[in-house]
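Enquirer: Dropping in coords.tsv, which is TSV, C-alpha atoms and all ligand atoms:
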```tsv
chain	number	residue	atom	x	y	z
F	1	MET	CA	81.65	121.51	122.39
F	2	THR	CA	79.60	124.41	123.75
F	3	LYS	CA	80.61	127.83	122.51
F	4	LYS	CA	82.02	129.86	125.38
F	5	ARG	CA	81.30	133.53	126.08
F	6	ARG	CA	83.46	136.29	127.41
F	7	LEU	CA	82.85	137.18	131.04
F	8	GLY	CA	82.08	140.88	130.64
F	9	LYS	CA	85.00	142.55	128.88
F	10	THR	CA	87.58	140.39	130.66
F	11	ASP	CA	89.74	137.77	128.93
F	12	ILE	CA	87.97	135.02	130.88
F	13	GLU	CA	85.74	132.63	128.91
F	14	ILE	CA	82.80	130.75	130.39
F	15	THR	CA	80.06	128.43	129.18
F	16	PRO	CA	76.49	129.86	129.14
F	17	ILE	CA	75.70	127.61	132.11
F	18	GLY	CA	77.81	127.42	135.27
F	19	LEU	CA	77.06	125.38	138.40
F	20	GLY	CA	75.67	127.20	141.46
F	21	CYS	CA	77.22	125.79	144.64
F	22	TRP	CA	75.03	127.21	147.43
F	23	GLN	CA	73.68	123.64	147.72
F	24	PHE	CA	77.15	122.53	148.90
F	25	SER	CA	76.93	124.46	152.20
F	26	GLN	CA	76.20	121.32	154.26
F	27	GLY	CA	74.64	123.46	156.94
F	28	SER	CA	71.46	123.58	158.95
F	29	LYS	CA	71.64	127.22	159.98
F	30	GLY	CA	70.76	130.55	158.34
F	31	MET	CA	70.95	130.66	154.56
F	32	SER	CA	72.36	127.13	154.45
F	33	ALA	CA	69.08	125.77	155.84
F	34	VAL	CA	67.38	126.40	152.49
F	35	TRP	CA	68.81	123.14	151.17
F	36	ASP	CA	69.07	119.63	152.61
F	37	ALA	CA	72.70	118.84	153.45
F	38	VAL	CA	74.49	117.13	150.56
F	39	ASN	CA	77.47	114.92	151.47
F	40	GLN	CA	80.93	115.16	149.90
F	41	GLU	CA	80.50	111.98	147.86
F	42	THR	CA	77.33	113.33	146.26
F	43	ILE	CA	78.99	116.71	145.69
F	44	ASN	CA	81.88	114.93	143.95
F	45	GLY	CA	79.35	113.20	141.67
F	46	ILE	CA	77.50	116.45	140.89
F	47	VAL	CA	80.71	118.32	140.04
F	48	ASP	CA	82.08	115.45	137.95
F	49	THR	CA	78.78	115.20	136.05
F	50	ALA	CA	78.71	118.97	135.45
F	51	LEU	CA	82.28	118.84	134.07
F	52	LYS	CA	81.52	115.85	131.83
F	53	GLY	CA	78.47	117.73	130.52
F	54	GLY	CA	80.72	120.63	129.48
F	55	ILE	CA	80.12	123.10	132.34
F	56	SER	CA	83.32	125.12	132.72
F	57	TRP	CA	82.71	127.23	135.83
F	58	PHE	CA	81.40	127.21	139.37
F	59	ASP	CA	79.84	129.87	141.60
F	60	THR	CA	80.25	129.72	145.36
F	61	ALA	CA	80.45	132.23	148.25
F	62	GLU	CA	81.93	132.86	151.66
F	63	LEU	CA	78.33	132.94	152.98
F	64	TYR	CA	77.53	129.39	151.84
F	65	GLY	CA	78.33	127.57	155.07
F	66	ARG	CA	81.11	130.03	156.00
F	67	GLY	CA	83.56	128.55	153.53
F	68	THR	CA	82.11	125.02	153.49
F	69	SER	CA	80.80	125.32	149.93
F	70	GLU	CA	84.18	126.64	148.76
F	71	GLN	CA	86.01	123.78	150.49
F	72	THR	CA	83.69	121.03	149.25
F	73	LEU	CA	83.85	122.45	145.71
F	74	ALA	CA	87.68	122.44	145.79
F	75	LYS	CA	87.67	118.83	147.06
F	76	ALA	CA	85.23	117.77	144.34
F	77	LEU	CA	87.25	119.45	141.58
F	78	THR	CA	90.40	117.77	142.88
F	79	ALA	CA	88.61	114.39	143.03
F	80	ALA	CA	87.55	114.90	139.40
F	81	GLY	CA	91.20	115.36	138.41
F	82	VAL	CA	90.85	119.07	137.59
F	83	ARG	CA	94.01	121.12	137.88
F	84	PRO	CA	94.12	124.81	138.87
F	85	GLY	CA	93.39	126.99	135.87
F	86	GLN	CA	91.39	124.35	134.00
F	87	VAL	CA	88.02	125.68	135.24
F	88	VAL	CA	86.75	129.11	136.22
F	89	VAL	CA	85.89	129.62	139.89
F	90	ALA	CA	83.75	132.50	141.15
F	91	THR	CA	83.23	133.30	144.82
F	92	LYS	CA	81.86	136.23	146.84
F	93	TRP	CA	82.76	138.49	149.74
F	94	TRP	CA	79.93	139.04	152.25
F	95	PRO	CA	79.63	142.81	152.91
F	96	LEU	CA	76.89	143.10	155.56
F	97	ALA	CA	78.09	145.08	158.62
F	98	ARG	CA	81.63	145.00	157.23
F	99	ARG	CA	84.00	147.64	155.95
F	100	ALA	CA	85.84	147.51	152.63
F	101	ARG	CA	89.09	146.72	154.43
F	102	SER	CA	87.62	143.29	155.28
F	103	ILE	CA	88.01	142.43	151.56
F	104	GLU	CA	91.79	142.47	151.96
F	105	ALA	CA	91.66	141.02	155.48
F	106	THR	CA	89.66	137.94	154.38
F	107	ILE	CA	90.89	137.20	150.85
F	108	ASP	CA	93.59	134.80	152.06
F	109	THR	CA	90.94	132.75	153.88
F	110	ARG	CA	88.91	132.55	150.67
F	111	LEU	CA	92.00	131.43	148.78
F	112	SER	CA	92.80	128.80	151.37
F	113	CYS	CA	89.20	127.46	151.37
F	114	LEU	CA	89.38	127.11	147.57
F	115	SER	CA	92.99	125.91	147.49
F	116	PRO	CA	94.52	124.86	145.12
F	117	PHE	CA	92.08	126.67	142.81
F	118	PRO	CA	92.52	130.39	142.12
F	119	ILE	CA	89.69	132.93	142.29
F	120	ASP	CA	88.83	133.94	138.73
F	121	LEU	CA	85.89	136.15	139.68
F	122	TYR	CA	85.46	137.81	143.09
F	123	GLN	CA	82.05	139.36	143.69
F	124	VAL	CA	80.56	141.67	146.31
F	125	HIS	CA	77.61	139.49	147.36
F	126	GLN	CA	75.08	142.26	147.92
F	127	PRO	CA	75.03	146.06	148.18
F	128	PHE	CA	74.76	146.59	151.93
F	129	SER	CA	78.16	147.41	153.40
F	130	VAL	CA	79.38	149.99	155.90
F	131	SER	CA	81.76	151.32	153.22
F	132	SER	CA	80.89	153.03	149.94
F	133	VAL	CA	80.82	151.19	146.62
F	134	ALA	CA	83.93	153.17	145.60
F	135	ALA	CA	85.86	152.05	148.70
F	136	GLN	CA	84.87	148.42	148.08
F	137	MET	CA	85.99	148.63	144.45
F	138	LYS	CA	89.31	150.21	145.44
F	139	ALA	CA	89.92	147.29	147.82
F	140	MET	CA	88.98	144.86	145.04
F	141	ALA	CA	91.41	146.66	142.70
F	142	ARG	CA	94.22	146.29	145.24
F	143	ILE	CA	93.77	142.51	145.61
F	144	LEU	CA	93.48	142.14	141.83
F	145	LYS	CA	96.71	144.08	141.33
F	146	ALA	CA	98.31	141.91	144.05
F	147	GLY	CA	97.44	138.86	141.87
F	148	LYS	CA	94.95	137.38	144.37
F	149	ILE	CA	91.92	137.49	142.03
F	150	ARG	CA	91.53	137.68	138.24
F	151	SER	CA	88.38	139.80	137.90
F	152	VAL	CA	85.79	141.73	139.90
F	153	GLY	CA	82.00	141.39	139.95
F	154	VAL	CA	79.06	142.54	142.03
F	155	SER	CA	75.75	140.95	142.93
F	156	ASN	CA	72.25	142.30	143.54
F	157	PHE	CA	73.45	145.80	142.59
F	158	SER	CA	70.89	148.24	141.16
F	159	ALA	CA	71.74	149.92	137.84
F	160	ARG	CA	72.99	153.00	139.72
F	161	ARG	CA	75.26	151.06	142.06
F	162	MET	CA	76.51	148.90	139.20
F	163	GLU	CA	77.41	152.04	137.26
F	164	LEU	CA	79.20	153.42	140.35
F	165	ALA	CA	81.16	150.18	140.70
F	166	HIS	CA	81.99	150.23	136.99
F	167	ALA	CA	83.26	153.81	137.18
F	168	ALA	CA	85.32	153.21	140.35
F	169	LEU	CA	87.03	150.19	138.78
F	170	ALA	CA	87.53	152.01	135.46
F	171	ALA	CA	89.49	154.68	137.38
F	172	GLU	CA	91.85	151.84	138.37
F	173	GLY	CA	92.04	150.53	134.79
F	174	ILE	CA	89.84	147.51	135.58
F	175	VAL	CA	86.54	146.42	134.01
F	176	LEU	CA	83.52	145.37	136.04
F	177	ALA	CA	82.99	141.79	134.83
F	178	SER	CA	79.51	140.92	136.07
F	179	ASN	CA	76.44	141.61	138.15
F	180	GLN	CA	74.82	138.48	139.63
F	181	MET	CA	71.08	139.01	139.78
F	182	ARG	CA	67.94	137.00	140.32
F	183	PHE	CA	66.58	136.36	136.82
F	184	ASN	CA	64.26	133.65	135.65
F	185	LEU	CA	61.03	133.22	133.68
F	186	LEU	CA	59.01	134.07	136.81
F	187	ASP	CA	61.14	137.05	137.85
F	188	ARG	CA	62.24	139.36	135.08
F	189	GLY	CA	62.72	142.47	137.21
F	190	ILE	CA	66.10	143.27	135.65
F	191	GLU	CA	64.37	143.90	132.32
F	192	ARG	CA	62.33	146.70	133.93
F	193	ASN	CA	64.59	148.25	136.57
F	194	GLY	CA	67.42	149.34	134.27
F	195	VAL	CA	69.96	146.67	135.32
F	196	LEU	CA	69.83	144.69	132.08
F	197	SER	CA	69.97	147.70	129.74
F	198	SER	CA	72.82	149.23	131.75
F	199	ALA	CA	74.72	145.91	131.77
F	200	LYS	CA	74.33	145.66	127.99
F	201	LYS	CA	75.58	149.22	127.57
F	202	LEU	CA	78.61	148.68	129.85
F	203	GLY	CA	79.43	145.19	128.56
F	204	VAL	CA	78.81	143.64	131.98
F	205	THR	CA	77.67	139.98	132.09
F	206	ILE	CA	74.49	139.24	134.03
F	207	ILE	CA	74.84	136.01	136.02
F	208	ALA	CA	71.30	134.75	136.65
F	209	TRP	CA	70.77	133.25	140.09
F	210	SER	CA	67.79	131.01	140.92
F	211	PRO	CA	67.34	130.42	137.17
F	212	LEU	CA	64.97	127.53	137.92
F	213	ALA	CA	63.04	129.52	140.58
F	214	GLN	CA	64.47	126.96	143.01
F	215	GLY	CA	62.71	124.11	141.24
F	216	VAL	CA	59.38	125.69	140.22
F	217	LEU	CA	60.57	126.08	136.62
F	218	THR	CA	61.23	122.35	136.31
F	219	GLY	CA	57.50	121.51	136.38
F	220	ARG	CA	58.16	119.09	139.24
F	221	PHE	CA	55.88	120.92	141.69
F	222	HIS	CA	53.14	121.37	139.08
F	223	ASP	CA	53.15	117.57	138.69
F	224	ASP	CA	53.20	117.00	142.45
F	225	PRO	CA	51.89	120.06	144.34
F	226	ALA	CA	52.10	118.17	147.67
F	227	ALA	CA	55.91	118.18	147.30
F	228	ALA	CA	55.88	121.99	147.55
F	229	ALA	CA	54.85	121.72	151.21
F	230	LYS	CA	58.04	119.77	151.94
F	231	VAL	CA	60.57	122.39	150.79
F	232	SER	CA	62.08	124.84	153.31
F	233	THR	CA	60.02	127.86	154.37
F	234	MET	CA	62.57	130.31	152.97
F	235	ARG	CA	62.51	128.56	149.62
F	236	ARG	CA	58.70	128.61	149.54
F	237	MET	CA	58.64	132.29	150.47
F	238	MET	CA	61.18	133.27	147.80
F	239	ASN	CA	59.43	131.54	144.89
F	240	GLY	CA	56.05	130.71	143.36
F	241	PHE	CA	55.35	127.53	145.33
F	242	SER	CA	51.78	128.42	146.48
F	243	ALA	CA	48.85	126.67	144.79
F	244	ALA	CA	47.72	129.99	143.27
F	245	ARG	CA	51.18	130.77	141.87
F	246	LEU	CA	51.61	127.23	140.53
F	247	ALA	CA	48.23	127.55	138.76
F	248	LYS	CA	49.34	130.84	137.24
F	249	SER	CA	52.59	129.41	135.87
F	250	ALA	CA	50.99	126.14	134.68
F	251	PRO	CA	50.36	127.33	131.06
F	252	LEU	CA	54.02	128.37	130.76
F	253	ILE	CA	55.21	125.01	132.11
F	254	GLU	CA	52.86	123.15	129.76
F	255	GLU	CA	54.12	125.09	126.73
F	256	MET	CA	57.75	124.45	127.74
F	257	ARG	CA	56.92	120.75	128.03
F	258	VAL	CA	55.58	120.75	124.45
F	259	ILE	CA	58.55	122.78	123.13
F	260	GLY	CA	60.94	120.53	125.07
F	261	ARG	CA	59.54	117.41	123.38
F	262	ALA	CA	60.54	118.79	119.98
F	263	HIS	CA	64.14	119.10	121.22
F	264	GLY	CA	64.26	116.02	123.45
F	265	ALA	CA	64.63	118.44	126.38
F	266	SER	CA	63.06	118.77	129.83
F	267	VAL	CA	61.11	121.80	131.11
F	268	ALA	CA	64.18	122.83	133.18
F	269	GLN	CA	66.39	122.67	130.09
F	270	VAL	CA	63.98	124.78	128.04
F	271	ALA	CA	63.89	127.39	130.85
F	272	LEU	CA	67.70	127.53	131.07
F	273	CYS	CA	68.08	127.67	127.28
F	274	TRP	CA	65.60	130.57	127.07
F	275	GLU	CA	67.27	132.49	129.91
F	276	THR	CA	70.73	132.20	128.39
F	277	SER	CA	69.72	133.03	124.82
F	278	PHE	CA	66.80	135.50	124.88
F	279	HIS	CA	69.15	138.41	125.64
F	280	GLY	CA	71.97	137.26	123.36
F	281	GLU	CA	75.22	136.61	125.24
F	282	THR	CA	74.56	139.04	128.12
F	283	VAL	CA	72.91	136.55	130.47
F	284	VAL	CA	74.53	133.35	131.75
F	285	ALA	CA	72.94	131.13	134.40
F	286	ILE	CA	74.12	129.16	137.44
F	287	PRO	CA	71.52	126.50	138.30
F	288	GLY	CA	72.16	124.69	141.58
F	289	ALA	CA	71.90	120.92	142.00
F	290	THR	CA	71.60	118.42	144.84
F	291	LYS	CA	71.64	115.38	142.53
F	292	LYS	CA	73.86	114.26	139.65
F	293	ALA	CA	70.89	113.99	137.28
F	294	GLN	CA	70.09	117.68	137.84
F	295	ALA	CA	73.62	118.75	136.90
F	296	GLU	CA	73.42	116.52	133.83
F	297	GLN	CA	70.20	118.23	132.78
F	298	SER	CA	71.61	121.70	133.40
F	299	ALA	CA	74.61	120.94	131.21
F	300	GLY	CA	72.30	119.47	128.56
F	301	ALA	CA	70.53	122.84	128.30
F	302	MET	CA	73.58	124.00	126.30
F	303	GLY	CA	73.02	121.30	123.68
F	304	PHE	CA	70.16	122.76	121.66
F	305	ALA	CA	68.77	126.11	120.48
F	306	LEU	CA	65.23	127.45	120.67
F	307	THR	CA	63.73	128.92	117.50
F	308	ALA	CA	62.72	132.60	117.36
F	309	THR	CA	59.05	131.53	117.50
F	310	GLU	CA	59.67	129.37	120.57
F	311	LEU	CA	61.62	132.16	122.30
F	312	SER	CA	58.81	134.64	121.80
F	313	ARG	CA	56.05	132.19	122.77
F	314	ILE	CA	57.85	131.50	126.06
F	315	ASP	CA	58.40	135.24	126.53
F	316	GLU	CA	54.67	135.86	126.14
F	317	LEU	CA	53.56	133.09	128.52
F	318	SER	CA	56.22	134.02	131.07
F	319	LYS	CA	54.82	137.55	131.27
F	320	ALA	CA	51.39	136.11	132.08
F	321	ALA	CA	52.82	133.65	134.62
F	322	ARG	CA	54.22	136.13	137.16
R	1	LIG	N1	73.99	136.25	144.53
R	1	LIG	C1	72.96	135.88	145.25
R	1	LIG	O1	72.42	136.65	146.05
R	1	LIG	C2	72.43	134.49	145.07
R	1	LIG	C3	71.20	134.14	145.65
R	1	LIG	C4	70.75	132.83	145.45
R	1	LIG	C5	71.49	131.92	144.72
R	1	LIG	N2	72.70	132.30	144.20
R	1	LIG	C6	73.51	131.36	143.39
R	1	LIG	O2	72.70	130.85	142.34
R	1	LIG	C7	72.70	129.43	142.36
R	1	LIG	C8	71.38	128.91	141.84
R	1	LIG	O3	70.27	129.49	142.52
R	1	LIG	P1	69.34	128.63	143.51
R	1	LIG	O4	70.11	127.49	144.02
R	1	LIG	O5	68.76	129.61	144.46
R	1	LIG	O6	68.14	128.17	142.60
R	1	LIG	P2	67.93	127.29	141.28
R	1	LIG	O7	69.19	127.04	140.60
R	1	LIG	O8	66.83	127.95	140.57
R	1	LIG	O9	67.33	125.93	141.89
R	1	LIG	C9	68.16	124.87	142.28
R	1	LIG	C10	67.27	123.72	142.78
R	1	LIG	O10	66.33	123.36	141.77
R	1	LIG	C11	66.14	121.96	141.76
R	1	LIG	N3	66.59	121.46	140.44
R	1	LIG	C12	67.72	121.78	139.77
R	1	LIG	N4	67.78	121.14	138.58
R	1	LIG	C13	66.66	120.39	138.52
R	1	LIG	C14	66.14	119.50	137.54
R	1	LIG	N5	66.78	119.30	136.38
R	1	LIG	N6	64.97	118.89	137.80
R	1	LIG	C15	64.30	119.10	138.95
R	1	LIG	N7	64.73	119.93	139.93
R	1	LIG	C16	65.90	120.56	139.70
R	1	LIG	C17	66.96	121.38	142.89
R	1	LIG	O11	66.11	121.32	144.00
R	1	LIG	P3	66.21	120.09	145.07
R	1	LIG	O12	67.51	120.30	145.76
R	1	LIG	O13	65.02	120.26	145.95
R	1	LIG	O14	66.17	118.81	144.28
R	1	LIG	C18	68.05	122.43	143.05
R	1	LIG	O15	68.62	122.41	144.32
R	1	LIG	C19	73.04	129.06	143.81
R	1	LIG	O16	73.55	127.76	143.93
R	1	LIG	C20	74.05	130.13	144.15
R	1	LIG	O17	75.33	129.79	143.63
R	1	LIG	C21	73.17	133.57	144.36
```
Let me see the structure of the file written as structure tokens.
Ligand SMILES: NC(=O)c1ccc[n+]([C@@H]2O[C@H](COP(=O)([O-])OP(=O)(O)OC[C@H]3O[C@@H](n4cnc5c(N)ncnc54)[C@H](OP(=O)(O)O)[C@@H]3O)[C@@H](O)[C@H]2O)c1

Expert:
Amino acid sequence: MTKKRRLGKTDIEITPIGLGCWQFSQGSKGMSAVWDAVNQETINGIVDTALKGGISWFDTAELYGRGTSEQTLAKALTAAGVRPGQVVVATKWWPLARRARSIEATIDTRLSCLSPFPIDLYQVHQPFSVSSVAAQMKAMARILKAGKIRSVGVSNFSARRMELAHAALAAEGIVLASNQMRFNLLDRGIERNGVLSSAKKLGVTIIAWSPLAQGVLTGRFHDDPAAAAKVSTMRRMMNGFSAARLAKSAPLIEEMRVIGRAHGASVAQVALCWETSFHGETVVAIPGATKKAQAEQSAGAMGFALTATELSRIDELSKAAR
């Protein structure tokens, strides 16, 4: 069984890999349009496969189809025979153009979308809100003390904002559990902008989003560059899908293929293993999936360890691939 890690300094334990559930939005508008709609039956299969592979937690958000991802996740967990409390569920409040009081006004809707599963981690999705970080954290503290959530996290917060959030919660006797940030072998900004070092100092877990660079780090688009033209515009814009970027990351992908062979692992699994081990236990990852086989591979990334030489070789090539 995979060794679990503590989520920040909370008493919650999670596996190094969780399942990202943005793909369960079933929408064709806004942020949901990044992914092809996945039906409930397929979602049930993905969630069941993730659980069987040992994944113990799931990340969703209010934003993902305005509650649709939360609802489809809850249905899939129920279909898999999971009972409340047997897995860890993380979701997020959307702060844009909203005040902190909306955290308390909307938490019951989040709970009903996820019902019967409780919210183990409630995150502020991104830093742009009408209210201050301190006001948002005070509202989070109130719903935690009211027993509506188990822990508090943030997402896309700079080191300074994360430290502010940490301090505001500490004043309420609560720890900041996590900061969900984009982190993968083609985007290692958190290593340079102070977020990672500050998280290590504070004991805050970094939850890496887009750990597969939305598919680029699987090698699939290096094998079939024509497939890159078929993914959504937003997805292409957010990642290294252009011919020039794919050429730049090709040596990294090739090396991960060779390293993977020694472990019976795919390129995606090597990438996830590196991301969740290079910085010790600080970084966990939440790869998304639209197919059962992808969830199976993500879970399988917890089944082997990279050697120190392999970790540093990937580190080196990743720096040249960006
Ligand atoms: N906090 C934030 O601001 C934020 C932002 C973005 C994402 N997130 C969270 O992070 C999660 C993951 O990020 P993400 O979905 O952007 O990117 P990702 O996990 O890097 O990429 C997921 C996509 O990669 C492809 N894939 C996955 N496993 C694969 C495999 N083994 N082989 C081949 N292809 C594979 C699939 O693409 P196809 O569907 O095309 O097959 C899948 O939909 C999201 O679900 C969400 O929960 C949070």

Enquirer: I'd like the neighbourhood of Gly203 of chain F as an MDAnalysis selection string, where a residue qualifies if any of its atoms comes within 10 Å (using all atoms listed in the file), though same-chain residues fewer than 6 positions away should be ignored.

Expert: chainID F and resid 6:10 175:178 197 282

Enquirer: Could you pull out the residues sitting within 7 Å of ligand LIG 1 (chain R), using all atoms listed in the file, and write them as a ChimeraX atom specification?

Expert: /F:19-23,35,59-60,125-126,155-156,180-182,209-215,218,220,231,268,286-291,293-295,297-298

Enquirer: Could you list, as a PyMOL selection string, every residue within 7 Å of segment 51-54 of chain F, counting all atoms listed in the file and ignoring same-chain residues fewer than 3 positions away?

Expert: chain F and resi 2+47-48+296+299-300

Enquirer: Counting all atoms listed in the file, what is within 9 Å of Phe24 of chain F, bar same-chain residues fewer than 4 positions away, as a ChimeraX atom specification?

Expert: /F:20,32,35,37-40,43,60,64-65,68-70,72-73,289-290

Enquirer: Go ahead and compute the interatomic distance for atom CA of Pro116 of chain F and atom CA of Arg66 of chain F, in Å to one decimal.

Expert: 18.0 Å

Enquirer: As a PDB file, keeping the file's coordinate frame, please: segment 13-29 of chain F completed to N, CA and C atoms.

Expert:
```
ATOM      1  N   GLU F  13      86.831 133.214 129.706  1.00  0.00           N
ATOM      2  CA  GLU F  13      85.740 132.630 128.910  1.00  0.00           C
ATOM      3  C   GLU F  13      84.979 131.626 129.758  1.00  0.00           C
ATOM      4  N   ILE F  14      83.647 131.662 129.606  1.00  0.00           N
ATOM      5  CA  ILE F  14      82.800 130.750 130.390  1.00  0.00           C
ATOM      6  C   ILE F  14      81.700 130.167 129.492  1.00  0.00           C
ATOM      7  N   THR F  15      81.202 129.002 129.889  1.00  0.00           N
ATOM      8  CA  THR F  15      80.060 128.430 129.180  1.00  0.00           C
ATOM      9  C   THR F  15      78.781 129.178 129.603  1.00  0.00           C
ATOM     10  N   PRO F  16      77.723 129.142 128.770  1.00  0.00           N
ATOM     11  CA  PRO F  16      76.490 129.860 129.140  1.00  0.00           C
ATOM     12  C   PRO F  16      75.897 129.394 130.467  1.00  0.00           C
ATOM     13  N   ILE F  17      76.170 128.147 130.830  1.00  0.00           N
ATOM     14  CA  ILE F  17      75.700 127.610 132.110  1.00  0.00           C
ATOM     15  C   ILE F  17      76.903 127.299 133.003  1.00  0.00           C
ATOM     16  N   GLY F  18      76.823 127.782 134.251  1.00  0.00           N
ATOM     17  CA  GLY F  18      77.810 127.420 135.270  1.00  0.00           C
ATOM     18  C   GLY F  18      77.058 126.615 136.337  1.00  0.00           C
ATOM     19  N   LEU F  19      77.760 126.112 137.333  1.00  0.00           N
ATOM     20  CA  LEU F  19      77.060 125.380 138.400  1.00  0.00           C
ATOM     21  C   LEU F  19      77.025 126.230 139.667  1.00  0.00           C
ATOM     22  N   GLY F  20      75.829 126.482 140.189  1.00  0.00           N
ATOM     23  CA  GLY F  20      75.670 127.200 141.460  1.00  0.00           C
ATOM     24  C   GLY F  20      75.985 126.245 142.603  1.00  0.00           C
ATOM     25  N   CYS F  21      76.757 126.695 143.583  1.00  0.00           N
ATOM     26  CA  CYS F  21      77.220 125.790 144.640  1.00  0.00           C
ATOM     27  C   CYS F  21      76.707 126.139 146.039  1.00  0.00           C
ATOM     28  N   TRP F  22      75.664 126.936 146.134  1.00  0.00           N
ATOM     29  CA  TRP F  22      75.030 127.210 147.430  1.00  0.00           C
ATOM     30  C   TRP F  22      74.606 125.894 148.084  1.00  0.00           C
ATOM     31  N   GLN F  23      74.164 124.944 147.239  1.00  0.00           N
ATOM     32  CA  GLN F  23      73.680 123.640 147.720  1.00  0.00           C
ATOM     33  C   GLN F  23      74.779 122.844 148.418  1.00  0.00           C
ATOM     34  N   PHE F  24      76.042 123.284 148.302  1.00  0.00           N
ATOM     35  CA  PHE F  24      77.150 122.530 148.900  1.00  0.00           C
ATOM     36  C   PHE F  24      77.518 123.065 150.292  1.00  0.00           C
ATOM     37  N   SER F  25      76.623 123.828 150.905  1.00  0.00           N
ATOM     38  CA  SER F  25      76.930 124.460 152.200  1.00  0.00           C
ATOM     39  C   SER F  25      76.956 123.480 153.362  1.00  0.00           C
ATOM     40  N   GLN F  26      76.266 122.376 153.229  1.00  0.00           N
ATOM     41  CA  GLN F  26      76.200 121.320 154.260  1.00  0.00           C
ATOM     42  C   GLN F  26      75.771 121.838 155.615  1.00  0.00           C
ATOM     43  N   GLY F  27      74.978 122.872 155.648  1.00  0.00           N
ATOM     44  CA  GLY F  27      74.640 123.460 156.940  1.00  0.00           C
ATOM     45  C   GLY F  27      73.177 123.312 157.291  1.00  0.00           C
ATOM     46  N   SER F  28      72.857 123.623 158.538  1.00  0.00           N
ATOM     47  CA  SER F  28      71.460 123.580 158.950  1.00  0.00           C
ATOM     48  C   SER F  28      71.039 124.922 159.517  1.00  0.00           C
ATOM     49  N   LYS F  29      71.944 125.914 159.404  1.00  0.00           N
ATOM     50  CA  LYS F  29      71.640 127.220 159.980  1.00  0.00           C
ATOM     51  C   LYS F  29      71.564 128.299 158.904  1.00  0.00           C
TER      52      LYS F  29
END
```
